[in-house]
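Visitor: Below is work.cif; it holds mmCIF, C-alpha atoms.
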data_structure
#
loop_
_atom_site.label_atom_id
_atom_site.label_comp_id
_atom_site.auth_asym_id
_atom_site.auth_seq_id
_atom_site.Cartn_x
_atom_site.Cartn_y
_atom_site.Cartn_z
CA MET A 1 61.15 -15.07 -86.47
CA ASN A 2 58.76 -13.62 -83.85
CA GLN A 3 55.52 -12.74 -85.59
CA VAL A 4 52.94 -10.66 -83.75
CA SER A 5 49.21 -10.12 -84.03
CA GLY A 6 48.19 -8.20 -87.17
CA ASP A 7 45.85 -5.87 -85.24
CA GLN A 8 48.33 -4.58 -82.69
CA LYS A 9 50.00 -1.28 -83.62
CA PRO A 10 53.69 -0.70 -82.92
CA VAL A 11 55.08 2.25 -80.98
CA VAL A 12 56.79 4.43 -83.63
CA ALA A 13 59.51 7.00 -82.92
CA VAL A 14 60.74 9.65 -85.35
CA LEU A 15 64.49 9.81 -84.72
CA THR A 16 66.38 13.09 -84.80
CA ILE A 17 69.26 14.80 -83.05
CA GLU A 18 69.20 16.81 -79.81
CA ASP A 19 69.67 20.57 -79.83
CA LYS A 20 70.52 22.51 -76.67
CA ALA A 21 68.65 25.66 -77.70
CA GLU A 22 65.72 24.14 -79.59
CA GLN A 23 65.19 20.72 -77.89
CA PHE A 24 65.77 18.87 -81.19
CA ARG A 25 66.68 19.49 -84.82
CA GLY A 26 64.75 18.79 -87.99
CA ASN A 27 61.76 19.97 -89.99
CA ARG A 28 59.20 20.61 -87.26
CA ALA A 29 56.29 21.09 -89.65
CA ASN A 30 57.07 17.68 -91.14
CA PHE A 31 57.33 16.12 -87.67
CA ARG A 32 53.95 17.61 -86.72
CA ASP A 33 52.40 16.11 -89.87
CA ILE A 34 53.93 12.69 -89.14
CA LEU A 35 52.64 12.70 -85.54
CA ARG A 36 49.18 13.90 -86.59
CA THR A 37 48.92 11.15 -89.25
CA GLY A 38 50.08 8.54 -86.74
CA ARG A 39 47.41 9.62 -84.25
CA GLU A 40 44.73 9.51 -86.97
CA LEU A 41 45.78 5.93 -87.77
CA ASP A 42 45.89 4.98 -84.04
CA PHE A 43 49.66 4.57 -83.81
CA PRO A 44 51.49 5.66 -80.64
CA VAL A 45 54.11 8.03 -82.13
CA TYR A 46 56.56 10.65 -80.85
CA VAL A 47 59.81 12.45 -81.70
CA LEU A 48 62.93 10.97 -80.10
CA THR A 49 66.53 12.23 -80.01
CA VAL A 50 69.54 9.94 -80.31
CA LYS A 51 70.70 11.13 -76.88
CA ASP A 52 67.37 10.20 -75.22
CA LEU A 53 67.19 6.77 -76.88
CA LYS A 54 68.21 4.41 -74.06
CA LEU A 55 67.97 0.92 -75.53
CA SER A 56 68.13 -0.88 -72.17
CA ALA A 57 65.21 1.12 -70.71
CA ASN A 58 61.49 0.31 -70.90
CA ARG A 59 60.58 3.95 -71.41
CA VAL A 60 62.31 7.01 -72.80
CA LYS A 61 61.89 10.78 -72.84
CA GLY A 62 60.48 12.05 -76.15
CA TYR A 63 58.45 14.90 -77.61
CA ALA A 64 54.79 15.23 -78.54
CA TYR A 65 53.20 18.30 -80.08
CA SER A 66 50.35 20.07 -78.33
CA PRO A 67 48.16 21.78 -81.00
CA GLU A 68 46.29 23.74 -78.29
CA GLU A 69 49.45 25.24 -76.78
CA LYS A 70 51.34 25.22 -80.11
CA GLU A 71 54.45 23.77 -78.51
CA TRP A 72 56.45 20.58 -78.15
CA LYS A 73 56.12 18.82 -74.76
CA ARG A 74 58.82 16.54 -73.39
CA GLN A 75 57.36 13.50 -71.65
CA TRP A 76 57.80 9.77 -71.03
CA PHE A 77 56.98 7.22 -73.76
CA PRO A 78 57.39 3.45 -74.16
CA LEU A 79 60.58 2.31 -75.90
CA PRO A 80 59.82 2.32 -79.66
CA GLN A 81 59.32 -0.85 -81.66
CA VAL A 82 59.85 0.91 -85.00
CA ILE A 83 62.21 3.86 -85.58
CA TYR A 84 61.83 6.18 -88.58
CA ASN A 85 65.23 7.85 -89.08
CA ARG A 86 64.89 11.57 -89.84
CA ILE A 87 68.28 12.81 -88.56
CA PRO A 88 68.49 15.93 -90.76
CA GLN A 89 72.22 16.45 -91.40
CA ARG A 90 74.93 14.14 -92.74
CA GLU A 91 77.41 15.66 -90.28
CA ASP A 92 75.19 14.60 -87.35
CA GLU A 93 74.72 11.09 -88.68
CA LYS A 94 78.50 10.69 -89.10
CA ARG A 95 79.20 11.39 -85.42
CA PRO A 96 80.66 8.23 -83.80
CA SER A 97 78.09 8.32 -80.95
CA VAL A 98 75.22 8.50 -83.45
CA ARG A 99 76.59 5.74 -85.69
CA LYS A 100 77.08 3.56 -82.60
CA LYS A 101 73.46 4.09 -81.48
CA ILE A 102 72.08 3.35 -84.98
CA ALA A 103 74.20 0.18 -85.17
CA ALA A 104 72.82 -0.91 -81.77
CA CYS A 105 69.24 -0.34 -82.99
CA LEU A 106 69.89 -2.45 -86.10
CA LYS A 107 71.12 -5.31 -83.87
CA HIS A 108 68.35 -4.91 -81.27
CA ALA A 109 66.06 -7.94 -80.92
CA ASN A 110 62.79 -5.98 -80.81
CA ILE A 111 63.43 -2.70 -82.65
CA HIS A 112 63.15 -2.12 -86.39
CA LEU A 113 64.98 0.92 -87.76
CA PHE A 114 64.66 1.80 -91.43
CA ASN A 115 66.74 4.10 -93.66
CA PRO A 116 69.75 4.03 -91.31
CA PHE A 117 72.02 6.34 -93.35
CA PHE A 118 72.18 9.07 -95.97
CA PHE A 119 73.29 7.94 -99.43
CA ASN A 120 76.59 8.86 -101.09
CA LYS A 121 76.35 9.64 -104.83
CA TRP A 122 79.46 7.69 -105.83
CA VAL A 123 78.38 4.62 -103.86
CA LEU A 124 74.86 4.80 -105.36
CA PHE A 125 76.21 4.76 -108.91
CA ASP A 126 78.49 1.87 -107.99
CA TRP A 127 75.53 -0.12 -106.62
CA LEU A 128 73.40 0.54 -109.71
CA LYS A 129 76.19 -0.47 -112.08
CA LYS A 130 76.23 -3.92 -110.46
CA ASN A 131 72.78 -4.80 -111.80
CA HIS A 132 72.21 -5.44 -115.50
CA SER A 133 68.75 -3.77 -115.45
CA THR A 134 69.84 -0.55 -113.69
CA ARG A 135 73.30 -0.19 -115.26
CA THR A 136 71.94 1.40 -118.46
CA LEU A 137 70.14 4.13 -116.46
CA VAL A 138 73.38 5.55 -115.00
CA PRO A 139 75.32 8.29 -116.85
CA ARG A 140 79.08 7.73 -117.15
CA THR A 141 80.51 8.77 -113.79
CA ARG A 142 84.03 8.98 -112.37
CA ARG A 143 85.62 10.44 -109.28
CA LEU A 144 87.29 13.83 -109.75
CA ARG A 145 90.92 12.79 -109.40
CA SER A 146 93.17 14.37 -112.05
CA PRO A 147 93.14 17.02 -114.79
CA GLN A 148 94.02 14.34 -117.39
CA SER A 149 91.04 12.07 -116.63
CA LEU A 150 88.79 15.14 -116.52
CA GLU A 151 89.93 16.28 -119.98
CA GLU A 152 89.57 12.76 -121.35
CA MET A 153 85.89 12.68 -120.32
CA LEU A 154 85.33 16.25 -121.51
CA LEU A 155 86.63 15.48 -125.00
CA GLN A 156 84.35 12.44 -125.15
CA TYR A 157 81.12 14.07 -123.89
CA ARG A 158 81.72 17.83 -124.49
CA SER A 159 79.72 18.62 -121.38
CA LEU A 160 80.24 17.40 -117.79
CA TYR A 161 78.63 17.99 -114.41
CA LEU A 162 80.87 18.19 -111.34
CA LYS A 163 78.94 17.29 -108.18
CA PRO A 164 79.87 16.86 -104.50
CA GLU A 165 79.56 13.19 -103.50
CA SER A 166 77.40 14.10 -100.51
CA GLY A 167 75.71 17.23 -101.88
CA LYS A 168 72.28 18.58 -101.07
CA ALA A 169 69.81 20.82 -102.95
CA GLY A 170 72.17 21.46 -105.87
CA LYS A 171 74.81 23.14 -103.71
CA GLY A 172 78.31 23.08 -105.17
CA ILE A 173 77.35 21.76 -108.63
CA MET A 174 79.37 23.01 -111.62
CA LEU A 175 78.96 22.59 -115.38
CA LEU A 176 82.06 22.18 -117.53
CA GLN A 177 81.87 22.54 -121.32
CA ILE A 178 84.39 22.62 -124.16
CA ASP A 179 84.17 24.52 -127.44
CA GLU A 180 87.38 24.24 -129.45
CA SER A 181 86.30 27.02 -131.84
CA GLU A 182 86.79 29.51 -128.96
CA THR A 183 90.17 31.03 -128.05
CA LYS A 184 89.45 29.96 -124.46
CA PRO A 185 87.76 26.58 -125.07
CA TYR A 186 87.16 25.54 -121.43
CA ARG A 187 84.01 27.06 -119.90
CA LEU A 188 83.23 26.38 -116.23
CA THR A 189 79.85 27.53 -114.90
CA ILE A 190 79.73 27.69 -111.11
CA GLN A 191 76.22 27.81 -109.72
CA GLY A 192 76.23 30.78 -107.40
CA VAL A 193 73.79 31.64 -104.64
CA LYS A 194 70.40 33.01 -105.66
CA GLN A 195 70.44 33.91 -109.35
CA ARG A 196 74.10 34.66 -110.08
CA ASN A 197 76.24 32.11 -111.92
CA ILE A 198 79.99 32.60 -112.15
CA VAL A 199 81.44 31.73 -115.57
CA TYR A 200 85.16 31.03 -115.77
CA ARG A 201 86.84 30.65 -119.17
CA THR A 202 90.40 29.54 -119.91
CA GLY A 203 92.48 27.94 -122.63
CA LYS A 204 94.77 26.11 -120.21
CA LEU A 205 93.94 22.82 -118.51
CA THR A 206 96.31 23.66 -115.62
CA LEU A 207 94.41 26.90 -114.88
CA LEU A 208 91.05 25.14 -115.21
CA TRP A 209 92.15 22.48 -112.71
CA LYS A 210 93.43 25.14 -110.31
CA ARG A 211 90.05 26.91 -110.39
CA ILE A 212 88.12 23.67 -109.90
CA LYS A 213 90.29 22.73 -106.91
CA ARG A 214 89.69 26.18 -105.46
CA GLU A 215 85.94 25.61 -105.68
CA THR A 216 85.91 22.02 -104.43
CA GLU A 217 88.54 22.49 -101.69
CA LYS A 218 88.72 19.15 -99.81
CA THR A 219 85.21 17.99 -100.69
CA PRO A 220 85.12 14.69 -102.65
CA TYR A 221 83.55 15.27 -106.08
CA ILE A 222 82.28 13.13 -108.94
CA VAL A 223 82.38 13.98 -112.67
CA GLN A 224 79.35 12.99 -114.69
CA GLN A 225 78.53 12.85 -118.38
CA GLY A 226 76.29 15.80 -119.31
CA ILE A 227 72.88 14.67 -120.55
CA GLU A 228 70.87 16.82 -122.93
CA LEU A 229 67.56 16.74 -121.08
CA ALA A 230 64.19 17.38 -122.65
CA SER A 231 63.20 21.02 -122.21
CA TYR A 232 60.08 23.15 -121.87
CA ASN A 233 60.17 26.71 -123.22
CA GLY A 234 63.96 26.46 -123.44
CA ARG A 235 64.37 25.36 -119.80
CA GLN A 236 65.49 21.84 -118.91
CA PHE A 237 63.54 19.73 -116.43
CA ASP A 238 63.91 16.51 -114.51
CA ILE A 239 61.55 14.21 -112.67
CA ARG A 240 61.36 13.81 -108.88
CA THR A 241 59.84 10.47 -107.80
CA LEU A 242 58.90 9.35 -104.30
CA VAL A 243 59.13 5.58 -103.83
CA GLN A 244 57.96 3.93 -100.60
CA LYS A 245 57.11 0.51 -99.24
CA ASN A 246 53.48 -0.18 -98.43
CA GLY A 247 51.81 -2.31 -95.75
CA LYS A 248 52.93 -5.48 -97.55
CA GLY A 249 56.57 -4.41 -97.71
CA THR A 250 56.35 -3.83 -101.48
CA TRP A 251 58.02 -0.89 -103.25
CA LEU A 252 55.51 1.45 -104.94
CA VAL A 253 55.65 4.92 -106.47
CA THR A 254 53.79 7.27 -104.11
CA GLY A 255 54.16 10.39 -106.22
CA ILE A 256 55.84 11.83 -109.26
CA GLY A 257 56.53 15.49 -110.02
CA ALA A 258 58.71 17.57 -112.30
CA ARG A 259 61.15 20.35 -111.54
CA LEU A 260 61.79 22.97 -114.16
CA ALA A 261 65.17 24.71 -114.09
CA GLY A 262 65.22 28.42 -113.27
CA TYR A 263 66.27 30.80 -116.03
CA HIS A 264 70.01 30.54 -116.71
CA ARG A 265 70.42 27.90 -113.97
CA ILE A 266 72.42 24.71 -114.42
CA THR A 267 70.23 22.52 -112.16
CA THR A 268 66.51 22.20 -111.48
CA HIS A 269 66.70 22.37 -107.65
CA VAL A 270 64.02 24.64 -106.18
CA PRO A 271 66.52 26.44 -103.84
CA GLN A 272 68.45 27.27 -107.04
CA GLY A 273 65.45 28.91 -108.75
CA GLY A 274 63.69 25.78 -110.06
CA SER A 275 59.92 25.36 -109.91
CA VAL A 276 57.66 22.37 -109.19
CA GLU A 277 55.50 21.42 -112.19
CA ASP A 278 53.23 18.66 -113.48
CA PRO A 279 55.44 16.19 -115.44
CA GLU A 280 52.86 15.49 -118.16
CA LYS A 281 52.47 19.21 -118.87
CA LEU A 282 56.22 19.44 -119.53
CA LEU A 283 56.53 16.17 -121.49
CA ILE A 284 53.59 16.48 -123.90
CA PRO A 285 54.99 19.39 -126.00
CA SER A 286 58.17 17.36 -126.70
CA PHE A 287 56.80 13.82 -126.95
CA GLY A 288 53.03 13.99 -127.56
CA GLN A 289 50.20 12.51 -125.49
CA GLU A 290 50.69 8.82 -126.30
CA THR A 291 54.49 8.69 -125.82
CA THR A 292 54.14 10.75 -122.62
CA GLY A 293 51.83 8.08 -121.17
CA TYR A 294 54.39 5.42 -122.07
CA LEU A 295 57.24 7.49 -120.55
CA MET A 296 55.32 8.03 -117.29
CA ASN A 297 54.89 4.26 -116.92
CA ARG A 298 58.58 3.71 -117.72
CA LEU A 299 59.58 6.32 -115.11
CA LYS A 300 57.55 4.52 -112.44
CA SER A 301 58.85 1.04 -113.28
CA SER A 302 62.45 2.35 -113.46
CA ALA A 303 62.07 4.04 -110.05
CA VAL A 304 60.88 0.79 -108.42
CA LEU A 305 63.70 -1.15 -110.10
CA ILE A 306 66.27 1.37 -108.81
CA ALA A 307 64.83 1.30 -105.26
CA LYS A 308 65.02 -2.50 -105.14
CA GLN A 309 68.64 -2.52 -106.33
CA ILE A 310 69.71 0.22 -103.91
CA GLU A 311 68.14 -1.63 -100.99
CA LYS A 312 69.68 -4.96 -102.02
CA ALA A 313 73.17 -3.46 -102.50
CA SER A 314 72.99 -1.38 -99.30
CA ARG A 315 72.15 -4.48 -97.21
CA ASN A 316 69.97 -2.27 -95.07
CA GLN A 317 66.26 -2.07 -94.41
CA LEU A 318 64.89 0.81 -96.48
CA GLY A 319 61.31 2.06 -96.46
CA GLU A 320 61.43 5.10 -98.72
CA MET A 321 63.56 7.24 -100.99
CA SER A 322 63.10 10.04 -103.45
CA MET A 323 65.02 10.05 -106.70
CA ASP A 324 65.86 12.43 -109.49
CA LEU A 325 65.40 10.98 -112.96
CA GLY A 326 65.90 12.68 -116.30
CA ILE A 327 64.47 12.14 -119.78
CA ASP A 328 66.76 13.16 -122.61
CA THR A 329 65.70 14.58 -125.97
CA GLU A 330 65.48 11.01 -127.38
CA GLY A 331 63.14 9.83 -124.60
CA LYS A 332 65.78 7.78 -122.72
CA ILE A 333 65.51 7.68 -118.93
CA TRP A 334 68.54 8.51 -116.76
CA PHE A 335 69.15 8.24 -113.01
CA PHE A 336 70.87 11.20 -111.29
CA GLU A 337 70.36 10.91 -107.55
CA ALA A 338 68.48 9.22 -104.71
CA ASN A 339 67.81 10.64 -101.26
CA ALA A 340 67.30 8.48 -98.16
CA LYS A 341 65.60 11.38 -96.32
CA PRO A 342 63.06 12.62 -98.90
CA MET A 343 61.79 16.19 -98.77
CA LYS A 344 58.01 16.45 -98.68
CA PHE A 345 55.93 16.66 -101.83
CA ASP A 346 53.71 19.75 -101.92
CA GLU A 347 50.83 18.10 -103.83
CA PRO A 348 48.23 17.37 -101.07
CA HIS A 349 47.18 13.89 -102.31
CA ILE A 350 50.83 12.74 -102.61
CA ARG A 351 51.67 14.25 -99.21
CA LYS A 352 48.78 12.45 -97.48
CA LYS A 353 49.63 9.08 -99.06
CA SER A 354 53.35 9.47 -98.26
CA LEU A 355 52.65 10.06 -94.56
CA GLU A 356 50.24 7.11 -94.37
CA ARG A 357 52.77 4.79 -96.04
CA VAL A 358 55.34 5.49 -93.31
CA PHE A 359 52.94 3.92 -90.81
CA GLN A 360 51.74 1.14 -93.11
CA TYR A 361 55.34 0.05 -93.60
CA SER A 362 56.09 0.42 -89.85
CA HIS A 363 53.12 -1.87 -89.16
CA TYR A 364 54.42 -4.38 -91.73
CA LEU A 365 57.88 -4.45 -90.07
CA TYR A 366 56.33 -4.95 -86.65
CA ARG A 367 54.11 -7.81 -87.88
CA GLN A 368 57.11 -9.55 -89.46
CA GLY A 369 59.10 -9.54 -86.25
CA LYS A 370 62.90 -9.68 -86.32
CA LEU A 371 64.84 -12.65 -87.61
#
Is it possible to express this structure as structure tokens?
Guide:
Amino acid sequence: MNQVSGDQKPVVAVLTIEDKAEQFRGNRANFRDILRTGRELDFPVYVLTVKDLKLSANRVKGYAYSPEEKEWKRQWFPLPQVIYNRIPQREDEKRPSVRKKIAACLKHANIHLFNPFFFNKWVLFDWLKKNHSTRTLVPRTRRLRSPQSLEEMLLQYRSLYLKPESGKAGKGIMLLQIDESETKPYRLTIQGVKQRNIVYRTGKLTLLWKRIKRETEKTPYIVQQGIELASYNGRQFDIRTLVQKNGKGTWLVTGIGARLAGYHRITTHVPQGGSVEDPEKLLIPSFGQETTGYLMNRLKSSAVLIAKQIEKASRNQLGEMSMDLGIDTEGKIWFFEANAKPMKFDEPHIRKKSLERVFQYSHYLYRQGKL
């Protein structure tokens, strides 16, 4: 292991994908915040595209933001020692040329790259089921394969969520319920764009399956046990947690927020009409002050436990993730999703800490050296 001086700061690059029209892709406001924080903490930092990352070179072309001119300037920078992967789209990350470059970075003698890939929902659940401590946090989940296995789960749980394995922002999620007292017992709610849900009812499993296949097309889907989440004013909510590694390489909860489902929506995602709220405000009416305090501590410890297991099972270096957790009406905690490229938290104190932790962890990696 090559350890380096603790005072020296590594050169950090924020990795994204090139774009012919716009120089590079990604959330530019987020990139500006990352670069500004890096400068405040005395880290050399810039935005780098996969195409411009030449691993055999001593210097590469990257982008810095000029606040005076309000534009991104392409210039020469030293080859990075730490790479923060913010490639924005799964499709880009799946390209053979991109996967090849990321694999080369992971093998490179002097470059640390963290969070190399997006997560897949099915794989995540599989990883968490392998650990005794995290297994109980995962709702029953299967791949969407046949009408028979779907009906079997539906009769057991009465309510199921159908989710794309590689979904984002609640897109493509459906809710399937059964009520045998109805003439058409199968009820499929398809979350439409903006505020319009499509509700499909049928009494025939064959017709239900046909409709589901029409909606899913060739996208791989999972089927998940429906959980009756705690609610606030008749609207369900879940908990979004940001977990990051600090300057000692230790997982910590950076921030915790709640998302309240929009009216008549089947998920809490903000693009689907959900709103960002304070978790304690939503929990106290259902659980009281004392139990809410206990639940908040349990949420944090569960999030750290999940992050450790995901990192261990992935066999990759991870520095951060956000996760969606739920609390049911009995106060039990459930895991729904983790994201390797977390969206930013709007709360200013969480936002500031999250940006600083990216550099604290980068510094830790650099000090450790590569094995």
Visitor: Residue by residue, what does the PyMOL selection byres ((chain A and resi 104-107) around 10) grab here? Present the result as number ranges by chain.
Guide: A: 53, 55, 82-83, 98-103, 108-114, 116, 316-317, 370
Visitor: My list of candidates is A:Glu215, A:Glu280, A:Glu22, A:Glu40. Which is closest to A:Lys73 when distances are computed with all atoms listed in the file?
Guide: A:Glu22
Visitor: Report as an mmCIF file with C-alpha atoms, keeping the file's coordinate frame the residues that result from applying the PyMOL selection byres ((chain A and resi 225) around 6) to the structure here.
Guide:
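Output saved as expr_0.cif:
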data_model
loop_
_atom_site.group_PDB
_atom_site.id
_atom_site.type_symbol
_atom_site.label_atom_id
_atom_site.label_comp_id
_atom_site.auth_asym_id
_atom_site.auth_seq_id
_atom_site.Cartn_x
_atom_site.Cartn_y
_atom_site.Cartn_z
ATOM 1 C CA PRO A 139 75.320 8.290 -116.850
ATOM 2 C CA ARG A 140 79.080 7.730 -117.150
ATOM 3 C CA LEU A 160 80.240 17.400 -117.790
ATOM 4 C CA GLN A 224 79.350 12.990 -114.690
ATOM 5 C CA GLY A 226 76.290 15.800 -119.310
#
Visitor: Suppose a student applies the PyMOL selection byres ((chain A and resi 123) around 12) to this structure; what residues should they get, written as a list in words?
Guide: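 Taken over the shown coordinates, the PyMOL selection byres ((chain A and resi 123) around 12) returns Phe118, Phe119, Asn120, Lys121, Trp122, Leu124, Phe125, Asp126, Trp127, Leu128, Lys129, Lys130, Thr141, Arg142, Arg143, Glu165, Ser166, Ile222, Ile310, Ala313, Ser314, Glu337 and Ala338 of chain A.
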Visitor: Considering all atoms listed in the file, return as JSON, numbers by chain whatever protein or nucleic-acid residues lie within 8 Å of A:Met174, sequence-local ones (same chain, fewer than 2 positions apart) excluded.
Guide: {"A": [161, 162, 163, 172, 176, 188, 189, 190, 191, 266]}
Visitor: May I ask for the distance between atom CA of A:Trp251 and atom CA of A:His349, given in Å to one decimal place?
Guide: 18.4 Å
Visitor: Show which residues sit within 8 Å of stretch 318-332 of chain A, as JSON, numbers by chain. Count only C-alpha atoms, and ignore same-chain residues fewer than 2 positions away.
Guide: {"A": [114, 115, 116, 227, 228, 229, 230, 231, 237, 238, 239, 240, 241, 242, 243, 244, 245, 287, 295, 299, 303, 307, 311, 316, 334, 335, 336, 337, 338, 339, 340, 341, 342, 343, 358, 361]}
Visitor: Atom CA of A:Pro147 and atom CA of A:Val223, how far apart in Å?
Guide: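 These atoms are spaced 11.4 Å apart.
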Visitor: Which residues come within 9 Å of A:Gly247, counting only C-alpha atoms, excluding same-chain residues fewer than 2 positions away, as a list in words?
Guide: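 The residues satisfying every condition are Lys245, Gly249, Thr250, Arg357, Val358, Phe359, Gln360, Tyr361, Ser362, His363, Tyr364 and Leu365 of chain A.
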Visitor: Would you pick out the contacts of A:Lys184 at 7 Å or less, using only C-alpha atoms, so that residues sharing its chain but fewer than 6 positions from it are not included, and give the list as a list in words?
Guide: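 Everything that qualifies: Arg201, Thr202 and Gly203 of chain A.
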Visitor: Quick check, in Å to one decimal: how far apart do atom CA of A:Met296 and atom CA of A:Glu277 lie?
Guide: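 We find that atom CA of A:Met296 and atom CA of A:Glu277 lie 14.3 Å from each other.
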Visitor: Kindly indicate which residue among A:Ile17, A:Leu283, A:Val199, A:Val11 lies nearest to A:Gln89, using only C-alpha atoms for the distances.
Guide: A:Ile17
Visitor: Using only C-alpha atoms - which residues lie no farther than 12 Å from the point (62.7, 14.7, -79.6) in the file's frame? Write them as a PDB file with C-alpha atoms, in the frame of the given file.
Guide:
ATOM      1  CA  ALA A  13      59.510   7.000 -82.920  1.00  0.00           C
ATOM      2  CA  VAL A  14      60.740   9.650 -85.350  1.00  0.00           C
ATOM      3  CA  LEU A  15      64.490   9.810 -84.720  1.00  0.00           C
ATOM      4  CA  THR A  16      66.380  13.090 -84.800  1.00  0.00           C
ATOM      5  CA  ILE A  17      69.260  14.800 -83.050  1.00  0.00           C
ATOM      6  CA  GLU A  18      69.200  16.810 -79.810  1.00  0.00           C
ATOM      7  CA  ASP A  19      69.670  20.570 -79.830  1.00  0.00           C
ATOM      8  CA  LYS A  20      70.520  22.510 -76.670  1.00  0.00           C
ATOM      9  CA  GLU A  22      65.720  24.140 -79.590  1.00  0.00           C
ATOM     10  CA  GLN A  23      65.190  20.720 -77.890  1.00  0.00           C
ATOM     11  CA  PHE A  24      65.770  18.870 -81.190  1.00  0.00           C
ATOM     12  CA  ARG A  25      66.680  19.490 -84.820  1.00  0.00           C
ATOM     13  CA  GLY A  26      64.750  18.790 -87.990  1.00  0.00           C
ATOM     14  CA  ASN A  27      61.760  19.970 -89.990  1.00  0.00           C
ATOM     15  CA  ARG A  28      59.200  20.610 -87.260  1.00  0.00           C
ATOM     16  CA  PHE A  31      57.330  16.120 -87.670  1.00  0.00           C
ATOM     17  CA  ARG A  32      53.950  17.610 -86.720  1.00  0.00           C
ATOM     18  CA  LEU A  35      52.640  12.700 -85.540  1.00  0.00           C
ATOM     19  CA  VAL A  45      54.110   8.030 -82.130  1.00  0.00           C
ATOM     20  CA  TYR A  46      56.560  10.650 -80.850  1.00  0.00           C
ATOM     21  CA  VAL A  47      59.810  12.450 -81.700  1.00  0.00           C
ATOM     22  CA  LEU A  48      62.930  10.970 -80.100  1.00  0.00           C
ATOM     23  CA  THR A  49      66.530  12.230 -80.010  1.00  0.00           C
ATOM     24  CA  VAL A  50      69.540   9.940 -80.310  1.00  0.00           C
ATOM     25  CA  LYS A  51      70.700  11.130 -76.880  1.00  0.00           C
ATOM     26  CA  ASP A  52      67.370  10.200 -75.220  1.00  0.00           C
ATOM     27  CA  LEU A  53      67.190   6.770 -76.880  1.00  0.00           C
ATOM     28  CA  VAL A  60      62.310   7.010 -72.800  1.00  0.00           C
ATOM     29  CA  LYS A  61      61.890  10.780 -72.840  1.00  0.00           C
ATOM     30  CA  GLY A  62      60.480  12.050 -76.150  1.00  0.00           C
ATOM     31  CA  TYR A  63      58.450  14.900 -77.610  1.00  0.00           C
ATOM     32  CA  ALA A  64      54.790  15.230 -78.540  1.00  0.00           C
ATOM     33  CA  TYR A  65      53.200  18.300 -80.080  1.00  0.00           C
ATOM     34  CA  TRP A  72      56.450  20.580 -78.150  1.00  0.00           C
ATOM     35  CA  LYS A  73      56.120  18.820 -74.760  1.00  0.00           C
ATOM     36  CA  ARG A  74      58.820  16.540 -73.390  1.00  0.00           C
ATOM     37  CA  GLN A  75      57.360  13.500 -71.650  1.00  0.00           C
ATOM     38  CA  TRP A  76      57.800   9.770 -71.030  1.00  0.00           C
ATOM     39  CA  PHE A  77      56.980   7.220 -73.760  1.00  0.00           C
ATOM     40  CA  ASN A  85      65.230   7.850 -89.080  1.00  0.00           C
ATOM     41  CA  ARG A  86      64.890  11.570 -89.840  1.00  0.00           C
ATOM     42  CA  ILE A  87      68.280  12.810 -88.560  1.00  0.00           C
TER      43      ILE A  87
END
Visitor: For A:Gln309, which of A:Lys9, A:His132, A:Arg95, A:Lys213 is the closest residue, counting only C-alpha atoms?
Guide: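 Of A:Lys9, A:His132, A:Arg95, A:Lys213, the one nearest A:Gln309 is A:His132, counting only C-alpha atoms.
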Visitor: Hey, which of A:Arg145, A:Arg39, A:Thr216, A:Lys210 ends up closest to A:Ile173? Count all atoms listed in the file.
Guide: A:Thr216
Visitor: Could you check the closest approach to A:Thr292 for each of A:Pro279, A:Asp7, A:Trp209, A:Glu68 and tell me which residue wins, using only C-alpha atoms?
Guide: A:Pro279
Visitor: Report as an mmCIF file with C-alpha atoms, keeping the file's coordinate frame all protein, DNA and RNA residues lying within 10 Å of A:Asn58, evaluated on all atoms listed in the file, omitting residues in the same chain fewer than 5 positions from it.
Guide:
data_model
loop_
_atom_site.group_PDB
_atom_site.id
_atom_site.type_symbol
_atom_site.label_atom_id
_atom_site.label_comp_id
_atom_site.auth_asym_id
_atom_site.auth_seq_id
_atom_site.Cartn_x
_atom_site.Cartn_y
_atom_site.Cartn_z
ATOM 1 C CA PHE A 77 56.980 7.220 -73.760
ATOM 2 C CA PRO A 78 57.390 3.450 -74.160
ATOM 3 C CA LEU A 79 60.580 2.310 -75.900
ATOM 4 C CA PRO A 80 59.820 2.320 -79.660
#
Visitor: From the options A:Lys353, A:Lys94, A:Arg187, A:Arg196, which residue's atoms come nearest to A:Arg211, counting all atoms listed in the file?
Guide: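 Using all atoms listed in the file, the shortest distance to A:Arg211 belongs to A:Arg187.
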Visitor: Centre and edge lengths, as AutoDock Vina command-line options, for the axis-aligned box enclosing every listed atom of stretch 362-366 of chain A with 3 Å of padding on each of the six sides, in Å to one decimal?
Guide:
--center_x 55.5 --center_y -2.3 --center_z -89.2 --size_x 10.8 --size_y 11.4 --size_z 11.1
Visitor: Counting all atoms listed in the file, I want the residues whose atoms come within 12 Å of (55.6, 22.0, -129.1) in the file frame, returned as a PyMOL selection string.
Guide: chain A and resi 230-234+281-289
Visitor: Could you turn the residues from that selection into a file that holds C-alpha atoms, as an mmCIF file, keeping the file's coordinate frame?
Guide:
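Here's the written file selection.cif:
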data_model
loop_
_atom_site.group_PDB
_atom_site.id
_atom_site.type_symbol
_atom_site.label_atom_id
_atom_site.label_comp_id
_atom_site.auth_asym_id
_atom_site.auth_seq_id
_atom_site.Cartn_x
_atom_site.Cartn_y
_atom_site.Cartn_z
ATOM 1 C CA ALA A 230 64.190 17.380 -122.650
ATOM 2 C CA SER A 231 63.200 21.020 -122.210
ATOM 3 C CA TYR A 232 60.080 23.150 -121.870
ATOM 4 C CA ASN A 233 60.170 26.710 -123.220
ATOM 5 C CA GLY A 234 63.960 26.460 -123.440
ATOM 6 C CA LYS A 281 52.470 19.210 -118.870
ATOM 7 C CA LEU A 282 56.220 19.440 -119.530
ATOM 8 C CA LEU A 283 56.530 16.170 -121.490
ATOM 9 C CA ILE A 284 53.590 16.480 -123.900
ATOM 10 C CA PRO A 285 54.990 19.390 -126.000
ATOM 11 C CA SER A 286 58.170 17.360 -126.700
ATOM 12 C CA PHE A 287 56.800 13.820 -126.950
ATOM 13 C CA GLY A 288 53.030 13.990 -127.560
ATOM 14 C CA GLN A 289 50.200 12.510 -125.490
#
